[in-house]
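model29.pdb follows (PDB, C-alpha atoms):
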```
ATOM      1  CA  MET C   1      77.794-155.476  31.982  1.00  0.00           C
ATOM      2  CA  ALA C   2      79.423-156.540  35.258  1.00  0.00           C
ATOM      3  CA  LEU C   3      77.043-157.416  38.043  1.00  0.00           C
ATOM      4  CA  ARG C   4      78.350-157.638  41.579  1.00  0.00           C
ATOM      5  CA  ASN C   5      76.964-159.705  44.434  1.00  0.00           C
ATOM      6  CA  ILE C   6      75.320-157.613  47.141  1.00  0.00           C
ATOM      7  CA  PHE C   7      76.566-158.501  50.612  1.00  0.00           C
ATOM      8  CA  THR C   8      73.905-158.912  53.295  1.00  0.00           C
ATOM      9  CA  ILE C   9      73.731-158.061  56.979  1.00  0.00           C
ATOM     10  CA  GLU C  10      75.565-161.234  58.003  1.00  0.00           C
ATOM     11  CA  SER C  11      78.756-159.999  56.311  1.00  0.00           C
ATOM     12  CA  ASP C  12      81.356-158.285  58.523  1.00  0.00           C
ATOM     13  CA  ILE C  13      82.451-156.030  55.642  1.00  0.00           C
ATOM     14  CA  LEU C  14      79.249-153.991  55.997  1.00  0.00           C
ATOM     15  CA  ARG C  15      80.359-152.952  59.515  1.00  0.00           C
ATOM     16  CA  LYS C  16      83.722-151.534  58.434  1.00  0.00           C
ATOM     17  CA  LYS C  17      84.585-147.942  57.529  1.00  0.00           C
ATOM     18  CA  SER C  18      85.485-147.275  53.920  1.00  0.00           C
ATOM     19  CA  ARG C  19      88.719-145.638  52.825  1.00  0.00           C
ATOM     20  CA  PRO C  20      88.830-142.500  50.676  1.00  0.00           C
ATOM     21  CA  VAL C  21      89.426-142.825  46.960  1.00  0.00           C
ATOM     22  CA  THR C  22      92.773-141.325  45.919  1.00  0.00           C
ATOM     23  CA  ASP C  23      93.041-142.762  42.402  1.00  0.00           C
ATOM     24  CA  PHE C  24      90.352-141.686  39.949  1.00  0.00           C
ATOM     25  CA  GLY C  25      91.575-144.028  37.223  1.00  0.00           C
ATOM     26  CA  ASP C  26      90.313-147.152  35.509  1.00  0.00           C
ATOM     27  CA  ARG C  27      89.649-149.185  38.670  1.00  0.00           C
ATOM     28  CA  THR C  28      87.396-146.482  40.104  1.00  0.00           C
ATOM     29  CA  HIS C  29      85.627-146.077  36.756  1.00  0.00           C
ATOM     30  CA  GLN C  30      85.048-149.838  36.574  1.00  0.00           C
ATOM     31  CA  LEU C  31      83.679-149.875  40.122  1.00  0.00           C
ATOM     32  CA  LEU C  32      81.240-147.088  39.226  1.00  0.00           C
ATOM     33  CA  GLU C  33      80.094-148.974  36.127  1.00  0.00           C
ATOM     34  CA  ASP C  34      79.654-152.169  38.139  1.00  0.00           C
ATOM     35  CA  LEU C  35      77.643-150.333  40.799  1.00  0.00           C
ATOM     36  CA  ARG C  36      75.479-148.787  38.079  1.00  0.00           C
ATOM     37  CA  ASP C  37      74.856-152.140  36.356  1.00  0.00           C
ATOM     38  CA  THR C  38      74.091-153.857  39.649  1.00  0.00           C
ATOM     39  CA  LEU C  39      71.719-151.110  40.806  1.00  0.00           C
ATOM     40  CA  GLU C  40      69.859-151.171  37.485  1.00  0.00           C
ATOM     41  CA  LYS C  41      69.475-154.948  37.738  1.00  0.00           C
ATOM     42  CA  VAL C  42      68.069-154.919  41.288  1.00  0.00           C
ATOM     43  CA  GLN C  43      66.052-151.704  40.726  1.00  0.00           C
ATOM     44  CA  GLY C  44      67.137-150.029  43.952  1.00  0.00           C
ATOM     45  CA  LEU C  45      67.488-146.353  44.855  1.00  0.00           C
ATOM     46  CA  GLY C  46      71.161-146.426  45.725  1.00  0.00           C
ATOM     47  CA  LEU C  47      74.204-148.585  46.232  1.00  0.00           C
ATOM     48  CA  ALA C  48      77.463-148.092  48.113  1.00  0.00           C
ATOM     49  CA  ALA C  49      80.766-149.799  47.356  1.00  0.00           C
ATOM     50  CA  PRO C  50      80.855-151.670  50.710  1.00  0.00           C
ATOM     51  CA  GLN C  51      77.598-153.386  49.724  1.00  0.00           C
ATOM     52  CA  VAL C  52      79.515-155.130  46.936  1.00  0.00           C
ATOM     53  CA  GLY C  53      82.544-155.855  49.117  1.00  0.00           C
ATOM     54  CA  ILE C  54      84.716-152.842  48.242  1.00  0.00           C
ATOM     55  CA  LEU C  55      85.730-150.624  51.180  1.00  0.00           C
ATOM     56  CA  ARG C  56      86.007-147.392  49.216  1.00  0.00           C
ATOM     57  CA  ARG C  57      84.018-144.163  49.663  1.00  0.00           C
ATOM     58  CA  VAL C  58      81.938-144.539  46.497  1.00  0.00           C
ATOM     59  CA  VAL C  59      78.145-144.408  46.168  1.00  0.00           C
ATOM     60  CA  ILE C  60      75.589-144.044  43.432  1.00  0.00           C
ATOM     61  CA  VAL C  61      72.049-142.803  43.979  1.00  0.00           C
ATOM     62  CA  LEU C  62      69.097-142.717  41.633  1.00  0.00           C
ATOM     63  CA  VAL C  63      67.804-139.136  41.642  1.00  0.00           C
ATOM     64  CA  ASP C  64      64.793-137.836  39.759  1.00  0.00           C
ATOM     65  CA  GLU C  65      63.855-141.429  38.856  1.00  0.00           C
ATOM     66  CA  THR C  66      66.188-141.494  35.843  1.00  0.00           C
ATOM     67  CA  ASP C  67      69.593-140.034  36.706  1.00  0.00           C
ATOM     68  CA  MET C  68      72.199-142.106  38.567  1.00  0.00           C
ATOM     69  CA  LEU C  69      74.451-139.707  40.431  1.00  0.00           C
ATOM     70  CA  GLU C  70      77.977-140.889  41.182  1.00  0.00           C
ATOM     71  CA  MET C  71      79.592-139.603  44.367  1.00  0.00           C
ATOM     72  CA  ILE C  72      83.177-140.267  45.384  1.00  0.00           C
ATOM     73  CA  ASN C  73      84.361-139.298  48.870  1.00  0.00           C
ATOM     74  CA  PRO C  74      81.015-137.633  49.636  1.00  0.00           C
ATOM     75  CA  GLU C  75      80.731-135.400  52.689  1.00  0.00           C
ATOM     76  CA  ILE C  76      77.629-133.694  54.077  1.00  0.00           C
ATOM     77  CA  ILE C  77      78.529-130.036  54.557  1.00  0.00           C
ATOM     78  CA  SER C  78      75.113-128.840  55.757  1.00  0.00           C
ATOM     79  CA  LYS C  79      71.755-130.298  56.709  1.00  0.00           C
ATOM     80  CA  GLN C  80      68.361-128.948  57.653  1.00  0.00           C
ATOM     81  CA  GLY C  81      65.101-130.259  59.037  1.00  0.00           C
ATOM     82  CA  GLU C  82      64.275-133.701  60.260  1.00  0.00           C
ATOM     83  CA  GLU C  83      61.746-136.334  59.301  1.00  0.00           C
ATOM     84  CA  ALA C  84      61.136-139.969  60.219  1.00  0.00           C
ATOM     85  CA  SER C  85      60.183-142.374  57.447  1.00  0.00           C
ATOM     86  CA  ASP C  86      60.436-146.058  56.653  1.00  0.00           C
ATOM     87  CA  GLU C  87      63.555-147.359  54.960  1.00  0.00           C
ATOM     88  CA  ALA C  88      64.667-150.679  53.579  1.00  0.00           C
ATOM     89  CA  CYS C  89      68.012-151.828  52.194  1.00  0.00           C
ATOM     90  CA  LEU C  90      69.308-154.218  49.573  1.00  0.00           C
ATOM     91  CA  SER C  91      71.761-155.529  52.184  1.00  0.00           C
ATOM     92  CA  VAL C  92      69.011-156.138  54.755  1.00  0.00           C
ATOM     93  CA  PRO C  93      66.408-158.112  52.800  1.00  0.00           C
ATOM     94  CA  GLY C  94      62.983-158.574  54.325  1.00  0.00           C
ATOM     95  CA  LEU C  95      63.259-155.822  56.943  1.00  0.00           C
ATOM     96  CA  GLN C  96      62.102-152.231  57.131  1.00  0.00           C
ATOM     97  CA  GLY C  97      62.300-149.574  59.826  1.00  0.00           C
ATOM     98  CA  SER C  98      61.621-145.944  60.663  1.00  0.00           C
ATOM     99  CA  VAL C  99      64.727-143.752  60.444  1.00  0.00           C
ATOM    100  CA  THR C 100      64.966-140.034  61.195  1.00  0.00           C
ATOM    101  CA  ARG C 101      66.967-138.172  58.548  1.00  0.00           C
ATOM    102  CA  PRO C 102      67.495-134.542  57.510  1.00  0.00           C
ATOM    103  CA  THR C 103      64.919-133.197  55.048  1.00  0.00           C
ATOM    104  CA  SER C 104      67.602-131.389  53.044  1.00  0.00           C
ATOM    105  CA  ILE C 105      71.359-131.726  52.768  1.00  0.00           C
ATOM    106  CA  THR C 106      74.244-130.221  50.860  1.00  0.00           C
ATOM    107  CA  VAL C 107      76.969-132.647  49.827  1.00  0.00           C
ATOM    108  CA  LYS C 108      80.509-132.056  48.631  1.00  0.00           C
ATOM    109  CA  ALA C 109      81.830-134.923  46.508  1.00  0.00           C
ATOM    110  CA  PHE C 110      84.011-135.769  43.542  1.00  0.00           C
ATOM    111  CA  ASP C 111      82.986-137.092  40.142  1.00  0.00           C
ATOM    112  CA  ARG C 112      84.695-140.009  38.418  1.00  0.00           C
ATOM    113  CA  ASP C 113      87.409-137.729  37.021  1.00  0.00           C
ATOM    114  CA  GLY C 114      88.309-136.211  40.397  1.00  0.00           C
ATOM    115  CA  ASN C 115      86.414-132.942  39.903  1.00  0.00           C
ATOM    116  CA  GLU C 116      84.874-131.615  43.106  1.00  0.00           C
ATOM    117  CA  TYR C 117      81.243-130.540  43.077  1.00  0.00           C
ATOM    118  CA  ILE C 118      78.572-129.481  45.557  1.00  0.00           C
ATOM    119  CA  GLN C 119      74.956-130.568  45.245  1.00  0.00           C
ATOM    120  CA  GLU C 120      71.806-130.057  47.296  1.00  0.00           C
ATOM    121  CA  PHE C 121      69.264-132.795  47.946  1.00  0.00           C
ATOM    122  CA  GLU C 122      65.778-132.677  49.416  1.00  0.00           C
ATOM    123  CA  GLY C 123      63.154-135.164  50.518  1.00  0.00           C
ATOM    124  CA  MET C 124      63.610-138.742  49.321  1.00  0.00           C
ATOM    125  CA  ASN C 125      66.846-137.885  47.506  1.00  0.00           C
ATOM    126  CA  ALA C 126      68.342-136.503  50.743  1.00  0.00           C
ATOM    127  CA  ARG C 127      67.217-139.649  52.570  1.00  0.00           C
ATOM    128  CA  ALA C 128      68.744-141.944  49.941  1.00  0.00           C
ATOM    129  CA  VAL C 129      72.073-140.093  49.944  1.00  0.00           C
ATOM    130  CA  CYS C 130      72.257-140.202  53.769  1.00  0.00           C
ATOM    131  CA  HIS C 131      71.389-143.913  53.746  1.00  0.00           C
ATOM    132  CA  GLU C 132      74.142-144.717  51.243  1.00  0.00           C
ATOM    133  CA  MET C 133      76.675-142.522  53.021  1.00  0.00           C
ATOM    134  CA  ASP C 134      75.958-144.427  56.252  1.00  0.00           C
ATOM    135  CA  HIS C 135      77.211-147.559  54.473  1.00  0.00           C
ATOM    136  CA  LEU C 136      80.586-145.838  54.090  1.00  0.00           C
ATOM    137  CA  GLU C 137      80.784-145.606  57.891  1.00  0.00           C
ATOM    138  CA  GLY C 138      79.733-149.214  58.486  1.00  0.00           C
ATOM    139  CA  ILE C 139      76.230-148.208  59.601  1.00  0.00           C
ATOM    140  CA  LEU C 140      73.099-150.042  58.492  1.00  0.00           C
ATOM    141  CA  PHE C 141      69.620-148.560  58.816  1.00  0.00           C
ATOM    142  CA  VAL C 142      68.721-151.231  61.392  1.00  0.00           C
ATOM    143  CA  ASP C 143      71.374-149.704  63.695  1.00  0.00           C
ATOM    144  CA  ILE C 144      69.585-146.340  63.839  1.00  0.00           C
ATOM    145  CA  ALA C 145      65.963-147.259  63.158  1.00  0.00           C
ATOM    146  CA  GLU C 146      63.334-146.487  65.779  1.00  0.00           C
ATOM    147  CA  GLY C 147      61.689-149.799  65.026  1.00  0.00           C
ATOM    148  CA  VAL C 148      62.460-152.659  62.670  1.00  0.00           C
ATOM    149  CA  TYR C 149      59.879-155.057  61.308  1.00  0.00           C
ATOM    150  CA  SER C 150      59.488-157.712  58.628  1.00  0.00           C
ATOM    151  CA  ILE C 151      58.227-156.740  55.231  1.00  0.00           C
ATOM    152  CA  GLU C 152      55.335-158.996  54.337  1.00  0.00           C
ATOM    153  CA  GLU C 153      55.546-160.545  50.906  1.00  0.00           C
ATOM    154  CA  PRO C 154      52.317-160.085  48.959  1.00  0.00           C
ATOM    155  CA  THR C 155      50.493-163.264  48.089  1.00  0.00           C
ATOM    156  CA  VAL C 156      49.636-163.860  44.462  1.00  0.00           C
TER
END
```
Give the structure from this file in structure tokens form.
Amino acid sequence: MALRNIFTIESDILRKKSRPVTDFGDRTHQLLEDLRDTLEKVQGLGLAAPQVGILRRVVIVLVDETDMLEMINPEIISKQGEEASDEACLSVPGLQGSVTRPTSITVKAFDRDGNEYIQEFEGMNARAVCHEMDHLEGILFVDIAEGVYSIEEPTV
């Protein structure tokens, strides 16, 4: 198990655009495994390579509460609807904000072996995929939120 440090909002790397993956070999496979291990440890909904300091177009998203979907060079090819909802981010601890996202999207991406696939997402899954894909463009939810506020820690 290889856990990676998650970069936070203070890091300049989160504001940079990621480069496409052209080599689907061992380094990409290791990155995917590291993202998976890190996401499992922190119990998040998704993680993008820039969040661990790697400027490559790689994301993983937890869909259906059990399946971690790997997406390399993802691209939204269609979107429908619109809904505002609160979001938070592992790279922006302690803050939350309302972000308007599509209610359904269709994404073209590649799997770890370089095979192209197309998948549709709705609701929270669509929101999570859009959120992670924003990281690939150097965009954080606080940049597009209609309001950002502190998340209150519950007292025990």
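Using all atoms listed in the file, the nearest neighbour of C:Ser150 within the list C:Gln96, C:Gln80, C:Asn73, C:Thr22 is C:Gln96.
Using all atoms listed in the file, the nearest neighbour of C:Ile72 within the list C:Ser18, C:Thr100, C:Ser91, C:Thr38 is C:Ser18.
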Cut-off 12 Å around (78.2, -149.5, 55.0) with all atoms listed in the file: residues as an MDAnalysis selection string: chainID C and resid 6:9 11:19 47:59 89:92 130:143
Nearest-residue call for C:Tyr117, choices C:Glu75, C:Glu83, C:Asp67, C:Glu146, using only C-alpha atoms: C:Glu75
Nearest to C:Met124 by atom-to-atom distance, counting all atoms listed in the file, from C:Glu33, C:Glu87, C:Glu10, C:Asp23: C:Glu87
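Within 10 Å of the file-frame point (68.0, -142.0, 40.4), and using all atoms listed in the file, the polymer residues found are Leu39, Glu40, Gln43, Gly44, Leu45, Gly46, Ile60, Val61, Leu62, Val63, Asp64, Glu65, Thr66, Asp67, Met68, Leu69, Asn125 and Ala128 of chain C.
The interatomic distance for the pair atom CA of C:Asn115 and atom CA of C:Lys41 works out to 27.9 Å.
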For atom CA of C:Asp113 and atom CA of C:His29, the interatomic separation in Å (one decimal): 8.5 Å
Pairwise distance for atom CA of C:Ile144 and atom CA of C:Glu82, rounded to one decimal in Å: 14.2 Å
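Of the listed residues (C:Val21, C:Met71, C:Leu35, C:Val42), C:Met71 comes nearest to C:Glu116; the distances count all atoms listed in the file.
Candidate residues C:Asp26, C:Asp34, C:Glu122, C:Thr103 were compared for distance to C:Ala2, and the nearest is C:Asp34, using only C-alpha atoms.
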Explicit residues for the PyMOL selection byres ((chain C and resi 104-108) around 8) (as a list in words): Pro74, Glu75, Ile76, Ile77, Ser78, Lys79, Gln80, Gly81, Pro102, Thr103, Ala109, Phe110, Glu116, Tyr117, Ile118, Gln119, Glu120, Phe121, Glu122, Gly123 and Ala126 of chain C
Atoms added to stretch 123-141 of chain C (N, CA, C and O atoms), reported as a PDB file, in the frame of the given file:
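For reference, rebuild.pdb as written:
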```pdb
ATOM      1  N   GLY C 123      64.129-134.080  50.456  1.00  0.00           N
ATOM      2  CA  GLY C 123      63.154-135.164  50.518  1.00  0.00           C
ATOM      3  C   GLY C 123      63.768-136.541  50.384  1.00  0.00           C
ATOM      4  O   GLY C 123      64.768-136.869  51.025  1.00  0.00           O
ATOM      5  N   MET C 124      63.174-137.356  49.513  1.00  0.00           N
ATOM      6  CA  MET C 124      63.610-138.742  49.321  1.00  0.00           C
ATOM      7  C   MET C 124      65.041-138.820  48.819  1.00  0.00           C
ATOM      8  O   MET C 124      65.790-139.723  49.200  1.00  0.00           O
ATOM      9  N   ASN C 125      65.460-137.877  47.980  1.00  0.00           N
ATOM     10  CA  ASN C 125      66.846-137.885  47.506  1.00  0.00           C
ATOM     11  C   ASN C 125      67.822-137.662  48.661  1.00  0.00           C
ATOM     12  O   ASN C 125      68.861-138.314  48.740  1.00  0.00           O
ATOM     13  N   ALA C 126      67.494-136.740  49.571  1.00  0.00           N
ATOM     14  CA  ALA C 126      68.342-136.503  50.743  1.00  0.00           C
ATOM     15  C   ALA C 126      68.407-137.765  51.599  1.00  0.00           C
ATOM     16  O   ALA C 126      69.482-138.153  52.067  1.00  0.00           O
ATOM     17  N   ARG C 127      67.283-138.412  51.784  1.00  0.00           N
ATOM     18  CA  ARG C 127      67.217-139.649  52.570  1.00  0.00           C
ATOM     19  C   ARG C 127      68.088-140.735  51.935  1.00  0.00           C
ATOM     20  O   ARG C 127      68.870-141.403  52.619  1.00  0.00           O
ATOM     21  N   ALA C 128      67.976-140.907  50.634  1.00  0.00           N
ATOM     22  CA  ALA C 128      68.744-141.944  49.941  1.00  0.00           C
ATOM     23  C   ALA C 128      70.245-141.677  50.029  1.00  0.00           C
ATOM     24  O   ALA C 128      71.031-142.597  50.267  1.00  0.00           O
ATOM     25  N   VAL C 129      70.656-140.432  49.855  1.00  0.00           N
ATOM     26  CA  VAL C 129      72.073-140.093  49.944  1.00  0.00           C
ATOM     27  C   VAL C 129      72.589-140.361  51.357  1.00  0.00           C
ATOM     28  O   VAL C 129      73.656-140.975  51.537  1.00  0.00           O
ATOM     29  N   CYS C 130      71.846-139.952  52.377  1.00  0.00           N
ATOM     30  CA  CYS C 130      72.257-140.202  53.769  1.00  0.00           C
ATOM     31  C   CYS C 130      72.364-141.699  54.043  1.00  0.00           C
ATOM     32  O   CYS C 130      73.322-142.160  54.678  1.00  0.00           O
ATOM     33  N   HIS C 131      71.396-142.457  53.558  1.00  0.00           N
ATOM     34  CA  HIS C 131      71.389-143.913  53.746  1.00  0.00           C
ATOM     35  C   HIS C 131      72.651-144.532  53.138  1.00  0.00           C
ATOM     36  O   HIS C 131      73.327-145.330  53.787  1.00  0.00           O
ATOM     37  N   GLU C 132      72.964-144.145  51.908  1.00  0.00           N
ATOM     38  CA  GLU C 132      74.142-144.717  51.243  1.00  0.00           C
ATOM     39  C   GLU C 132      75.432-144.253  51.903  1.00  0.00           C
ATOM     40  O   GLU C 132      76.380-145.035  52.036  1.00  0.00           O
ATOM     41  N   MET C 133      75.474-143.012  52.348  1.00  0.00           N
ATOM     42  CA  MET C 133      76.675-142.522  53.021  1.00  0.00           C
ATOM     43  C   MET C 133      76.885-143.229  54.355  1.00  0.00           C
ATOM     44  O   MET C 133      78.031-143.428  54.773  1.00  0.00           O
ATOM     45  N   ASP C 134      75.810-143.642  55.024  1.00  0.00           N
ATOM     46  CA  ASP C 134      75.958-144.427  56.252  1.00  0.00           C
ATOM     47  C   ASP C 134      76.724-145.714  55.982  1.00  0.00           C
ATOM     48  O   ASP C 134      77.524-146.161  56.808  1.00  0.00           O
ATOM     49  N   HIS C 135      76.482-146.329  54.827  1.00  0.00           N
ATOM     50  CA  HIS C 135      77.211-147.559  54.473  1.00  0.00           C
ATOM     51  C   HIS C 135      78.723-147.332  54.484  1.00  0.00           C
ATOM     52  O   HIS C 135      79.485-148.237  54.818  1.00  0.00           O
ATOM     53  N   LEU C 136      79.161-146.140  54.126  1.00  0.00           N
ATOM     54  CA  LEU C 136      80.586-145.838  54.090  1.00  0.00           C
ATOM     55  C   LEU C 136      81.203-145.807  55.487  1.00  0.00           C
ATOM     56  O   LEU C 136      82.412-145.937  55.645  1.00  0.00           O
ATOM     57  N   GLU C 137      80.347-145.638  56.496  1.00  0.00           N
ATOM     58  CA  GLU C 137      80.784-145.606  57.891  1.00  0.00           C
ATOM     59  C   GLU C 137      80.540-146.931  58.603  1.00  0.00           C
ATOM     60  O   GLU C 137      80.758-147.046  59.814  1.00  0.00           O
ATOM     61  N   GLY C 138      80.020-147.918  57.877  1.00  0.00           N
ATOM     62  CA  GLY C 138      79.733-149.214  58.486  1.00  0.00           C
ATOM     63  C   GLY C 138      78.426-149.238  59.255  1.00  0.00           C
ATOM     64  O   GLY C 138      78.224-150.073  60.141  1.00  0.00           O
ATOM     65  N   ILE C 139      77.527-148.319  58.916  1.00  0.00           N
ATOM     66  CA  ILE C 139      76.230-148.208  59.601  1.00  0.00           C
ATOM     67  C   ILE C 139      75.125-148.699  58.687  1.00  0.00           C
ATOM     68  O   ILE C 139      75.024-148.269  57.533  1.00  0.00           O
ATOM     69  N   LEU C 140      74.282-149.577  59.212  1.00  0.00           N
ATOM     70  CA  LEU C 140      73.099-150.042  58.492  1.00  0.00           C
ATOM     71  C   LEU C 140      71.870-149.380  59.098  1.00  0.00           C
ATOM     72  O   LEU C 140      71.872-149.009  60.283  1.00  0.00           O
ATOM     73  N   PHE C 141      70.805-149.244  58.313  1.00  0.00           N
ATOM     74  CA  PHE C 141      69.620-148.560  58.816  1.00  0.00           C
ATOM     75  C   PHE C 141      69.065-149.219  60.073  1.00  0.00           C
ATOM     76  O   PHE C 141      68.501-148.559  60.937  1.00  0.00           O
TER      77      PHE C 141
END
```
